[in-house]
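File shown: run.csv. Contents: CSV, C-alpha atoms.
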chain,number,residue,atom,x,y,z
A,1,MET,CA,32.9,15.0,-144.7
A,2,ALA,CA,35.8,14.3,-142.3
A,3,LEU,CA,33.8,15.5,-139.3
A,4,SER,CA,30.9,13.3,-140.3
A,5,GLY,CA,33.2,10.3,-140.5
A,6,VAL,CA,34.6,11.1,-137.0
A,7,GLY,CA,31.1,11.5,-135.6
A,8,SER,CA,30.1,8.2,-137.2
A,9,LEU,CA,33.1,6.4,-135.7
A,10,VAL,CA,32.4,7.9,-132.2
A,11,SER,CA,28.8,6.8,-132.6
A,12,ARG,CA,29.8,3.3,-133.5
A,13,VAL,CA,32.3,3.1,-130.6
A,14,GLY,CA,29.7,4.5,-128.2
A,15,ALA,CA,27.1,2.0,-129.4
A,16,SER,CA,29.5,-0.9,-129.0
A,17,ALA,CA,30.4,0.3,-125.4
A,18,SER,CA,26.7,0.8,-124.7
A,19,THR,CA,26.0,-2.8,-125.9
A,20,MET,CA,28.7,-4.2,-123.6
A,21,LEU,CA,27.4,-2.2,-120.7
A,22,THR,CA,23.8,-3.3,-121.3
A,23,ARG,CA,24.7,-6.9,-121.5
A,24,GLN,CA,26.5,-6.8,-118.2
A,25,LEU,CA,24.1,-4.6,-116.2
A,26,HIS,CA,20.9,-6.3,-117.1
A,27,ALA,CA,22.2,-9.9,-116.6
A,28,SER,CA,19.9,-10.5,-113.7
A,29,SER,CA,16.5,-9.0,-114.8
A,30,GLY,CA,13.4,-11.0,-115.9
A,31,SER,CA,12.7,-14.4,-117.3
A,32,LYS,CA,15.5,-15.8,-119.4
A,33,LYS,CA,15.7,-18.2,-122.4
A,34,ILE,CA,18.4,-20.7,-121.7
A,35,VAL,CA,19.6,-23.2,-124.4
A,36,GLY,CA,21.6,-26.2,-123.5
A,37,VAL,CA,23.5,-28.3,-126.1
A,38,PHE,CA,24.5,-31.8,-124.9
A,39,TYR,CA,25.1,-35.2,-126.4
A,40,LYS,CA,22.1,-37.5,-126.8
A,41,ALA,CA,22.1,-40.6,-124.6
A,42,ASN,CA,19.1,-42.5,-126.1
A,43,GLU,CA,18.7,-45.8,-124.4
A,44,TYR,CA,21.6,-45.1,-122.0
A,45,ALA,CA,19.9,-42.1,-120.4
A,46,SER,CA,17.8,-44.2,-118.1
A,47,MET,CA,20.6,-46.6,-117.0
A,48,ASN,CA,22.0,-44.3,-114.3
A,49,PRO,CA,20.1,-41.7,-112.4
A,50,ASP,CA,23.3,-39.7,-112.1
A,51,PHE,CA,23.9,-39.5,-115.8
A,52,VAL,CA,23.1,-35.8,-115.9
A,53,GLY,CA,25.4,-34.7,-118.7
A,54,CYS,CA,23.2,-36.0,-121.5
A,55,ALA,CA,20.5,-34.1,-123.4
A,56,GLU,CA,17.8,-36.2,-121.8
A,57,LYS,CA,18.9,-35.3,-118.2
A,58,ALA,CA,20.0,-31.7,-119.2
A,59,LEU,CA,22.3,-31.3,-116.1
A,60,GLY,CA,19.3,-32.0,-113.9
A,61,ILE,CA,18.3,-28.3,-113.8
A,62,ARG,CA,15.1,-28.2,-115.9
A,63,GLU,CA,12.6,-28.4,-113.0
A,64,TRP,CA,14.5,-25.8,-111.1
A,65,LEU,CA,14.8,-23.4,-114.0
A,66,GLU,CA,11.2,-23.7,-115.1
A,67,SER,CA,10.0,-23.3,-111.5
A,68,GLN,CA,11.6,-19.9,-111.6
A,69,GLY,CA,9.9,-18.8,-114.8
A,70,HIS,CA,12.8,-19.4,-117.2
A,71,GLN,CA,12.5,-21.2,-120.5
A,72,TYR,CA,15.0,-24.1,-121.0
A,73,ILE,CA,15.5,-25.5,-124.5
A,74,VAL,CA,17.8,-28.6,-124.8
A,75,THR,CA,19.1,-30.1,-128.0
A,76,ASP,CA,21.9,-32.1,-129.5
A,77,ASP,CA,21.3,-30.6,-133.0
A,78,LYS,CA,24.0,-28.0,-133.3
A,79,GLU,CA,25.4,-28.0,-136.9
A,80,GLY,CA,24.3,-26.3,-140.1
A,81,PRO,CA,21.9,-23.4,-140.9
A,82,ASP,CA,18.8,-25.5,-140.3
A,83,CYS,CA,19.8,-27.1,-137.0
A,84,GLU,CA,17.7,-26.7,-133.8
A,85,LEU,CA,20.3,-24.5,-132.1
A,86,GLU,CA,20.3,-22.0,-135.0
A,87,LYS,CA,16.5,-21.4,-134.5
A,88,HIS,CA,17.1,-20.2,-131.0
A,89,ILE,CA,20.2,-18.1,-131.6
A,90,PRO,CA,18.4,-14.8,-132.2
A,91,ASP,CA,16.5,-14.7,-128.8
A,92,LEU,CA,18.4,-16.8,-126.3
A,93,HIS,CA,20.0,-15.2,-123.3
A,94,VAL,CA,22.2,-18.0,-122.1
A,95,LEU,CA,23.9,-20.8,-124.0
A,96,ILE,CA,25.3,-23.8,-122.1
A,97,SER,CA,27.5,-26.3,-124.0
A,98,THR,CA,30.1,-29.0,-123.2
A,99,PRO,CA,33.5,-29.8,-124.7
A,100,PHE,CA,32.2,-33.3,-125.3
A,101,HIS,CA,29.5,-32.2,-127.8
A,102,PRO,CA,30.5,-28.5,-128.4
A,103,ALA,CA,28.2,-25.9,-129.8
A,104,TYR,CA,30.6,-23.9,-132.0
A,105,VAL,CA,29.9,-20.3,-131.2
A,106,THR,CA,31.3,-18.3,-134.1
A,107,ALA,CA,31.5,-14.6,-134.5
A,108,GLU,CA,28.6,-14.9,-137.0
A,109,ARG,CA,26.4,-16.6,-134.4
A,110,ILE,CA,27.4,-14.0,-131.8
A,111,LYS,CA,26.4,-11.3,-134.2
A,112,LYS,CA,22.9,-12.9,-134.6
A,113,ALA,CA,22.4,-13.4,-130.9
A,114,LYS,CA,21.1,-10.0,-130.0
A,115,ASN,CA,19.9,-11.0,-126.5
A,116,LEU,CA,22.9,-13.2,-125.6
A,117,GLN,CA,24.5,-12.4,-122.3
A,118,LEU,CA,26.2,-15.5,-121.0
A,119,LEU,CA,28.1,-18.5,-122.4
A,120,LEU,CA,28.6,-21.3,-120.0
A,121,THR,CA,30.8,-24.4,-120.6
A,122,ALA,CA,29.7,-27.4,-118.6
A,123,GLY,CA,33.2,-28.7,-118.0
A,124,ILE,CA,36.6,-27.2,-118.9
A,125,GLY,CA,37.8,-25.7,-122.1
A,126,SER,CA,35.9,-22.9,-123.9
A,127,ASP,CA,37.8,-22.9,-127.2
A,128,HIS,CA,34.6,-23.9,-129.1
A,129,ILE,CA,33.7,-20.2,-128.6
A,130,ASP,CA,35.2,-17.3,-130.6
A,131,LEU,CA,36.5,-15.7,-127.5
A,132,LYS,CA,37.6,-12.5,-129.1
A,133,ALA,CA,34.2,-12.0,-130.7
A,134,ALA,CA,32.6,-12.7,-127.3
A,135,ALA,CA,34.8,-10.2,-125.6
A,136,ALA,CA,34.1,-7.5,-128.2
A,137,ALA,CA,30.4,-8.1,-127.8
A,138,GLY,CA,30.5,-7.7,-124.0
A,139,LEU,CA,29.6,-11.3,-123.3
A,140,THR,CA,30.5,-13.2,-120.2
A,141,VAL,CA,32.1,-16.6,-120.8
A,142,ALA,CA,32.7,-19.0,-117.9
A,143,GLU,CA,33.3,-22.6,-117.3
A,144,VAL,CA,33.4,-25.0,-114.3
A,145,THR,CA,37.0,-24.8,-113.5
A,146,GLY,CA,38.4,-27.9,-111.8
A,147,SER,CA,35.2,-29.9,-112.3
A,148,ASN,CA,36.8,-32.8,-114.2
A,149,VAL,CA,40.5,-32.4,-113.8
A,150,VAL,CA,40.8,-35.6,-111.8
A,151,SER,CA,38.7,-37.4,-114.5
A,152,VAL,CA,41.0,-36.3,-117.3
A,153,ALA,CA,44.3,-36.9,-115.4
A,154,GLU,CA,43.2,-40.5,-114.5
A,155,ASP,CA,42.3,-41.1,-118.1
A,156,GLU,CA,45.7,-39.8,-119.3
A,157,LEU,CA,47.5,-42.2,-117.0
A,158,MET,CA,45.3,-45.0,-118.4
A,159,ARG,CA,46.2,-44.1,-121.9
A,160,ILE,CA,49.9,-44.0,-121.2
A,161,LEU,CA,49.8,-47.5,-119.8
A,162,ILE,CA,47.7,-48.7,-122.7
A,163,LEU,CA,50.3,-47.5,-125.2
A,164,VAL,CA,53.4,-48.5,-123.2
A,165,ARG,CA,52.2,-52.0,-122.6
A,166,ASN,CA,50.8,-52.4,-126.2
A,167,PHE,CA,47.5,-53.4,-124.6
A,168,LEU,CA,45.1,-53.1,-127.5
A,169,PRO,CA,46.5,-55.7,-129.9
A,170,GLY,CA,46.1,-58.3,-127.1
A,171,TYR,CA,42.6,-57.2,-126.4
A,172,HIS,CA,41.7,-57.6,-130.1
A,173,GLN,CA,43.3,-61.0,-130.2
A,174,VAL,CA,41.0,-62.2,-127.5
A,175,ILE,CA,38.0,-60.8,-129.3
A,176,LYS,CA,39.0,-62.5,-132.6
A,177,GLY,CA,39.8,-65.9,-130.9
A,178,ASP,CA,43.6,-65.5,-131.6
A,179,TRP,CA,46.6,-66.1,-129.3
A,180,ASN,CA,49.9,-64.6,-130.3
A,181,VAL,CA,52.1,-63.4,-127.4
A,182,ALA,CA,54.9,-62.3,-129.7
A,183,ALA,CA,52.7,-59.9,-131.6
A,184,ILE,CA,52.1,-58.0,-128.4
A,185,ALA,CA,55.4,-58.5,-126.5
A,186,HIS,CA,57.7,-57.2,-129.3
A,187,ARG,CA,56.7,-53.6,-128.5
A,188,ALA,CA,55.5,-53.8,-124.8
A,189,TYR,CA,57.6,-51.9,-122.3
A,190,ASP,CA,57.7,-50.9,-118.6
A,191,LEU,CA,56.7,-47.4,-117.7
A,192,GLU,CA,59.4,-47.2,-115.1
A,193,GLY,CA,62.5,-45.3,-116.2
A,194,LYS,CA,60.9,-43.7,-119.2
A,195,THR,CA,61.0,-39.9,-119.7
A,196,VAL,CA,57.5,-38.4,-119.7
A,197,GLY,CA,57.0,-34.8,-120.6
A,198,THR,CA,53.8,-32.8,-120.3
A,199,VAL,CA,53.2,-29.8,-122.5
A,200,GLY,CA,51.3,-27.7,-120.0
A,201,ALA,CA,51.2,-28.2,-116.3
A,202,GLY,CA,48.1,-26.5,-115.0
A,203,ARG,CA,45.5,-28.4,-112.9
A,204,ILE,CA,45.4,-31.5,-115.0
A,205,GLY,CA,49.1,-31.5,-115.8
A,206,LYS,CA,50.0,-31.3,-112.1
A,207,LEU,CA,47.6,-34.1,-111.2
A,208,LEU,CA,49.1,-36.3,-113.9
A,209,LEU,CA,52.6,-35.7,-112.7
A,210,GLN,CA,51.5,-36.5,-109.1
A,211,ARG,CA,50.1,-39.8,-110.4
A,212,LEU,CA,53.2,-40.7,-112.4
A,213,LYS,CA,55.7,-40.1,-109.6
A,214,PRO,CA,55.2,-43.6,-108.1
A,215,PHE,CA,56.1,-45.2,-111.4
A,216,ASN,CA,59.7,-43.8,-111.1
A,217,CYS,CA,59.7,-42.0,-114.4
A,218,ASN,CA,61.9,-39.1,-115.4
A,219,LEU,CA,59.3,-36.3,-115.3
A,220,LEU,CA,59.6,-33.1,-117.3
A,221,TYR,CA,57.1,-30.3,-117.8
A,222,HIS,CA,56.9,-27.2,-120.0
A,223,ASP,CA,54.5,-24.4,-119.0
A,224,ARG,CA,54.3,-20.6,-119.2
A,225,LEU,CA,54.6,-20.6,-115.4
A,226,LYS,CA,57.3,-22.4,-113.5
A,227,MET,CA,56.2,-24.2,-110.3
A,228,ASP,CA,57.7,-23.2,-107.0
A,229,HIS,CA,60.7,-25.3,-105.9
A,230,GLU,CA,58.8,-27.1,-103.2
A,231,LEU,CA,56.0,-28.3,-105.5
A,232,GLU,CA,58.6,-29.4,-108.1
A,233,ASN,CA,60.3,-31.5,-105.5
A,234,GLN,CA,57.0,-33.0,-104.3
A,235,LEU,CA,56.1,-34.0,-107.9
A,236,GLY,CA,59.6,-35.0,-108.9
A,237,ALA,CA,59.3,-32.9,-112.0
A,238,LYS,CA,61.9,-30.8,-113.8
A,239,PHE,CA,60.9,-27.5,-115.6
A,240,GLU,CA,61.8,-27.1,-119.3
A,241,GLU,CA,61.6,-23.5,-120.4
A,242,ASP,CA,62.1,-24.4,-124.1
A,243,VAL,CA,59.4,-26.8,-125.4
A,244,ASP,CA,61.5,-27.7,-128.4
A,245,ALA,CA,64.4,-28.7,-126.2
A,246,MET,CA,62.2,-30.8,-124.0
A,247,LEU,CA,60.2,-32.8,-126.7
A,248,PRO,CA,63.1,-34.8,-128.3
A,249,LYS,CA,64.1,-36.0,-124.8
A,250,CYS,CA,60.7,-37.6,-124.2
A,251,ASP,CA,59.7,-41.3,-124.6
A,252,ILE,CA,56.1,-40.2,-123.9
A,253,ILE,CA,54.6,-36.8,-124.5
A,254,VAL,CA,51.3,-35.7,-122.9
A,255,ILE,CA,49.4,-32.6,-124.2
A,256,ASN,CA,47.9,-30.6,-121.4
A,257,THR,CA,47.8,-27.1,-122.9
A,258,PRO,CA,44.7,-25.1,-123.9
A,259,LEU,CA,43.9,-24.5,-127.6
A,260,THR,CA,44.9,-21.0,-128.4
A,261,GLU,CA,46.1,-19.1,-131.5
A,262,LYS,CA,49.6,-20.1,-130.4
A,263,THR,CA,49.0,-23.8,-129.8
A,264,LYS,CA,46.7,-24.4,-132.8
A,265,GLY,CA,48.6,-26.8,-135.1
A,266,MET,CA,51.5,-26.8,-132.7
A,267,PHE,CA,52.4,-30.4,-133.5
A,268,ASN,CA,52.9,-30.1,-137.3
A,269,LYS,CA,55.0,-32.2,-139.6
A,270,GLU,CA,58.2,-30.3,-138.8
A,271,ARG,CA,57.9,-30.5,-135.0
A,272,ILE,CA,56.8,-34.2,-135.1
A,273,ALA,CA,59.9,-35.0,-137.2
A,274,LYS,CA,62.1,-33.7,-134.4
A,275,LEU,CA,60.6,-36.0,-131.8
A,276,LYS,CA,62.3,-39.2,-130.7
A,277,LYS,CA,61.6,-42.1,-133.2
A,278,GLY,CA,59.1,-44.4,-131.5
A,279,VAL,CA,57.6,-41.7,-129.3
A,280,LEU,CA,54.2,-42.2,-127.7
A,281,ILE,CA,51.7,-39.3,-127.5
A,282,VAL,CA,48.7,-38.8,-125.4
A,283,ASN,CA,46.4,-35.9,-126.1
A,284,ASN,CA,43.3,-35.3,-124.1
A,285,ALA,CA,43.6,-31.5,-124.5
A,286,ARG,CA,42.3,-30.5,-127.9
A,287,GLY,CA,42.5,-32.2,-131.3
A,288,ALA,CA,43.3,-29.0,-133.2
A,289,ILE,CA,46.6,-28.7,-131.3
A,290,MET,CA,47.8,-31.4,-133.7
A,291,ASP,CA,48.1,-31.4,-137.5
A,292,ALA,CA,45.8,-34.4,-138.0
A,293,GLN,CA,47.3,-35.7,-141.2
A,294,ALA,CA,50.9,-35.2,-139.9
A,295,VAL,CA,50.0,-37.4,-136.9
A,296,ALA,CA,48.4,-40.1,-139.1
A,297,ASP,CA,51.5,-40.1,-141.4
A,298,ALA,CA,53.9,-40.4,-138.5
A,299,CYS,CA,51.9,-43.3,-137.0
A,300,ALA,CA,52.0,-45.0,-140.4
A,301,SER,CA,55.7,-44.6,-140.7
A,302,GLY,CA,56.4,-45.7,-137.1
A,303,HIS,CA,57.9,-42.3,-136.1
A,304,ILE,CA,55.1,-42.1,-133.6
A,305,ALA,CA,54.8,-45.6,-132.1
A,306,GLY,CA,51.4,-44.9,-130.5
A,307,TYR,CA,48.9,-42.1,-130.3
A,308,SER,CA,46.0,-42.0,-127.9
A,309,GLY,CA,43.4,-39.4,-126.9
A,310,ASP,CA,39.8,-38.5,-126.9
A,311,VAL,CA,39.8,-35.1,-128.6
A,312,TRP,CA,39.3,-34.5,-132.3
A,313,PHE,CA,38.5,-31.6,-134.6
A,314,PRO,CA,35.8,-31.2,-135.4
A,315,GLN,CA,33.6,-33.1,-132.9
A,316,PRO,CA,31.9,-35.4,-133.5
A,317,ALA,CA,34.7,-36.6,-135.7
A,318,PRO,CA,33.7,-37.3,-139.4
A,319,LYS,CA,33.7,-41.0,-140.4
A,320,ASP,CA,36.7,-40.3,-142.7
A,321,HIS,CA,38.9,-38.6,-140.1
A,322,PRO,CA,42.5,-40.0,-140.6
A,323,TRP,CA,42.9,-40.9,-137.0
A,324,ARG,CA,40.1,-43.5,-137.2
A,325,SER,CA,42.2,-45.7,-139.5
A,326,MET,CA,45.8,-44.9,-138.6
A,327,PRO,CA,47.9,-47.7,-137.1
A,328,ASN,CA,48.9,-48.0,-133.5
A,329,HIS,CA,46.2,-45.7,-132.1
A,330,ALA,CA,44.0,-45.9,-129.0
A,331,MET,CA,41.5,-43.2,-129.7
A,332,THR,CA,38.0,-42.9,-128.3
A,333,PRO,CA,35.3,-40.3,-128.5
A,334,HIS,CA,35.6,-37.3,-126.2
A,335,VAL,CA,34.8,-39.0,-122.9
A,336,SER,CA,37.6,-38.5,-120.4
A,337,GLY,CA,36.1,-35.5,-118.6
A,338,THR,CA,32.5,-36.7,-118.6
A,339,THR,CA,32.6,-39.5,-116.1
A,340,ILE,CA,29.5,-39.7,-113.9
A,341,ASP,CA,31.5,-38.0,-111.1
A,342,GLY,CA,32.7,-35.3,-113.4
A,343,GLN,CA,29.1,-34.7,-114.7
A,344,LEU,CA,27.8,-34.2,-111.1
A,345,ARG,CA,30.5,-31.7,-110.5
A,346,TYR,CA,30.1,-29.6,-113.6
A,347,ALA,CA,26.3,-29.8,-113.4
A,348,ALA,CA,26.5,-28.4,-109.8
A,349,GLY,CA,28.9,-25.7,-111.0
A,350,VAL,CA,26.6,-24.6,-113.9
A,351,LYS,CA,23.7,-24.4,-111.5
A,352,ASP,CA,25.7,-22.3,-109.0
A,353,MET,CA,26.7,-19.9,-111.8
A,354,LEU,CA,23.2,-19.6,-113.1
A,355,GLU,CA,22.0,-18.8,-109.5
A,356,ARG,CA,24.6,-16.1,-109.3
A,357,TYR,CA,23.7,-14.8,-112.7
A,358,PHE,CA,20.0,-14.5,-111.9
A,359,LYS,CA,21.0,-12.5,-108.7
A,360,GLY,CA,23.5,-10.3,-110.5
A,361,GLU,CA,26.4,-11.7,-108.4
A,362,ASP,CA,29.9,-12.5,-109.6
A,363,PHE,CA,31.1,-16.0,-110.4
A,364,PRO,CA,34.1,-17.6,-108.7
A,365,GLU,CA,37.0,-15.7,-110.3
A,366,GLN,CA,38.8,-18.8,-111.6
A,367,ASN,CA,35.7,-19.7,-113.7
A,368,TYR,CA,35.8,-16.6,-115.9
A,369,ILE,CA,37.2,-17.1,-119.4
A,370,VAL,CA,35.9,-13.7,-120.7
A,371,LYS,CA,34.9,-11.0,-118.3
A,372,GLU,CA,34.3,-7.3,-119.1
A,373,GLY,CA,35.9,-7.6,-122.5
A,374,LYS,CA,39.1,-9.3,-121.2
A,375,LEU,CA,40.2,-12.9,-121.9
A,376,ALA,CA,41.6,-15.2,-119.2
A,377,SER,CA,45.4,-15.3,-119.2
A,378,GLN,CA,45.6,-18.8,-120.6
A,379,TYR,CA,43.8,-17.7,-123.7
A,380,VAL,CA,45.9,-14.6,-124.3

Can the structure from this file be put into structure tokens for me?
Amino acid sequence: MALSGVGSLVSRVGASASTMLTRQLHASSGSKKIVGVFYKANEYASMNPDFVGCAEKALGIREWLESQGHQYIVTDDKEGPDCELEKHIPDLHVLISTPFHPAYVTAERIKKAKNLQLLLTAGIGSDHIDLKAAAAAGLTVAEVTGSNVVSVAEDELMRILILVRNFLPGYHQVIKGDWNVAAIAHRAYDLEGKTVGTVGAGRIGKLLLQRLKPFNCNLLYHDRLKMDHELENQLGAKFEEDVDAMLPKCDIIVINTPLTEKTKGMFNKERIAKLKKGVLIVNNARGAIMDAQAVADACASGHIAGYSGDVWFPQPAPKDHPWRSMPNHAMTPHVSGTTIDGQLRYAAGVKDMLERYFKGEDFPEQNYIVKEGKLASQYV
């Protein structure tokens, strides 16, 4: 009985290893079924020829893929057991999605996807995928690293200024036909001299610090890696090893860290309570890093004086999401990284990786999120 059990275990392990090997070795052979999940643009699709990130334009790669004999299915319907995406899970080889309209690739979906070899993110951030399940199944997960870092960093700077200058109440006054300077000015400040801290200083965080330096702020950063001294001097930023020591010093906090098991729910009620009263928060990273109700409650009490970002959980955000109705927010749909310039970059990056995949060639190393069963360091 014991020997039978051991043999069964070895068989299962061997089968798992075989599956992983097969998915990697046969990545380049034959015609492939590729499914893309993108947001629908409707009447806006025809307004800009470079608007390639929508479902209608499908990254501009349909003609190229079909000319090579591949099948390309594109949809925006991604949720629930009867959605269009679900119909194609059992026999697709490649799934392309975006952070702006993410196809949530659960362990259950991976288990159903017997032919799946490659998961591509058109953009940056692959947390919509169960990365551990993808690694265990021998899948490759990759994204277009760097494709929209400028887009997001610029958007973060805009949101900081919108909150600091109390811009939105003035805008709404104009729309309503009102005129009340005091209602805006009583909480409008200069950015100069404020302490701004970024939680995470990767590509986007560094670009934000670079753009903030001319405003003469006191710049702090927390990251798992300390920058070299020369770069710190160039950016005018000081490293804070302990995030909980940094956060209470900040007038403005910007979230620039990936969503991982460690950062999920990082800003909960207890941590928010330790922040400076009247703090401003910008989050273009991932909505699930925040405890949504704790943020809404802190905005209502005034402990958070303003919250802005474009990331929610889930996405699209439900109509009753607490951030829609909380006071002093400047939220938008997830749009910061999908500028037209960003779309052109991540569409080109996806095409490049597909070309390499068909030829059996490696991707640029920085694009890998899961490779040969191992997760990229930022997700470990």

Closest of A:Val144, A:Leu231, A:Ile129, A:Ile204 to A:Ala285 - atom-to-atom distances counting all atoms listed in the file: A:Ile204

Point (25.8, -27.9, -121.6) neighbourhood (12 Å, all atoms listed in the file) written as a PyMOL selection string: chain A and resi 34-40+52-61+72-76+78+94-103+119-124+126+142-144+338+343+346-351

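Nearest to A:Ser151 of all the residues A:Lys176, A:Arg345, A:Arg356, A:Lys33 is A:Arg345, based on only C-alpha atoms.
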
Among the residues A:Ala330, A:Ala113, A:Val335, A:Val370, the one that comes closest to A:Ile162 [using all atoms listed in the file]: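 Checking each candidate against A:Ile162, we get A:Ala330 as the closest.
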
Interatomic distance (Å, one decimal) between atom CA of A:Asp291 and atom CA of A:Asn148: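 Taking atom CA of A:Asp291 as the start and atom CA of A:Asn148 as the end point, the length is 25.9 Å.
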
Stretch 180-193 of chain A surroundings by only C-alpha atoms, 12 Å radius, close-in-sequence under 5 positions cut, as a VMD selection string: chain A and resid 157 to 174 212 to 219 250 to 252 278 to 280 302 305 to 306 328

Which polymer residues have any atom within 12 Å of an atom of A:His93, counting only C-alpha atoms, with same-chain residues fewer than 5 positions away left out, as a CSV table (one decimal) with C-alpha atoms, in the coordinates of the input?
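As a result, around-v2.csv now contains:
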chain,number,residue,atom,x,y,z
A,23,ARG,CA,24.7,-6.9,-121.5
A,24,GLN,CA,26.5,-6.8,-118.2
A,26,HIS,CA,20.9,-6.3,-117.1
A,27,ALA,CA,22.2,-9.9,-116.6
A,28,SER,CA,19.9,-10.5,-113.7
A,29,SER,CA,16.5,-9.0,-114.8
A,30,GLY,CA,13.4,-11.0,-115.9
A,31,SER,CA,12.7,-14.4,-117.3
A,32,LYS,CA,15.5,-15.8,-119.4
A,33,LYS,CA,15.7,-18.2,-122.4
A,34,ILE,CA,18.4,-20.7,-121.7
A,35,VAL,CA,19.6,-23.2,-124.4
A,36,GLY,CA,21.6,-26.2,-123.5
A,70,HIS,CA,12.8,-19.4,-117.2
A,71,GLN,CA,12.5,-21.2,-120.5
A,72,TYR,CA,15.0,-24.1,-121.0
A,73,ILE,CA,15.5,-25.5,-124.5
A,88,HIS,CA,17.1,-20.2,-131.0
A,110,ILE,CA,27.4,-14.0,-131.8
A,112,LYS,CA,22.9,-12.9,-134.6
A,113,ALA,CA,22.4,-13.4,-130.9
A,114,LYS,CA,21.1,-10.0,-130.0
A,115,ASN,CA,19.9,-11.0,-126.5
A,116,LEU,CA,22.9,-13.2,-125.6
A,117,GLN,CA,24.5,-12.4,-122.3
A,118,LEU,CA,26.2,-15.5,-121.0
A,119,LEU,CA,28.1,-18.5,-122.4
A,120,LEU,CA,28.6,-21.3,-120.0
A,139,LEU,CA,29.6,-11.3,-123.3
A,140,THR,CA,30.5,-13.2,-120.2
A,354,LEU,CA,23.2,-19.6,-113.1
A,357,TYR,CA,23.7,-14.8,-112.7
A,358,PHE,CA,20.0,-14.5,-111.9

Minimum-distance residue to A:Leu259, chosen among A:Ser147, A:Ser336, A:Gln378, A:Ser301 (using all atoms listed in the file):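 Smallest separation from A:Leu259 among the options: A:Gln378.
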
Interatomic distance, atom CA of A:Lys206 to atom CA of A:Asp228 (Å, one decimal):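 Atom CA of A:Asp228 lies 12.3 Å from atom CA of A:Lys206.
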
d(atom CA of A:Val311, atom CA of A:Asn284) in Å: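 Computing the Euclidean distance for atom CA of A:Val311 and atom CA of A:Asn284 yields 5.7 Å.
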
Which of A:Met266, A:Ile272, A:Ala41, A:Ala237 sits closest to A:Val196 [using only C-alpha atoms]: A:Ala237

Option closest in space to A:Arg286, from A:Trp179, A:Gly236, A:Asn48, A:Asp127 [counting all atoms listed in the file]: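 Of all the options, A:Asp127 lies closest to A:Arg286.
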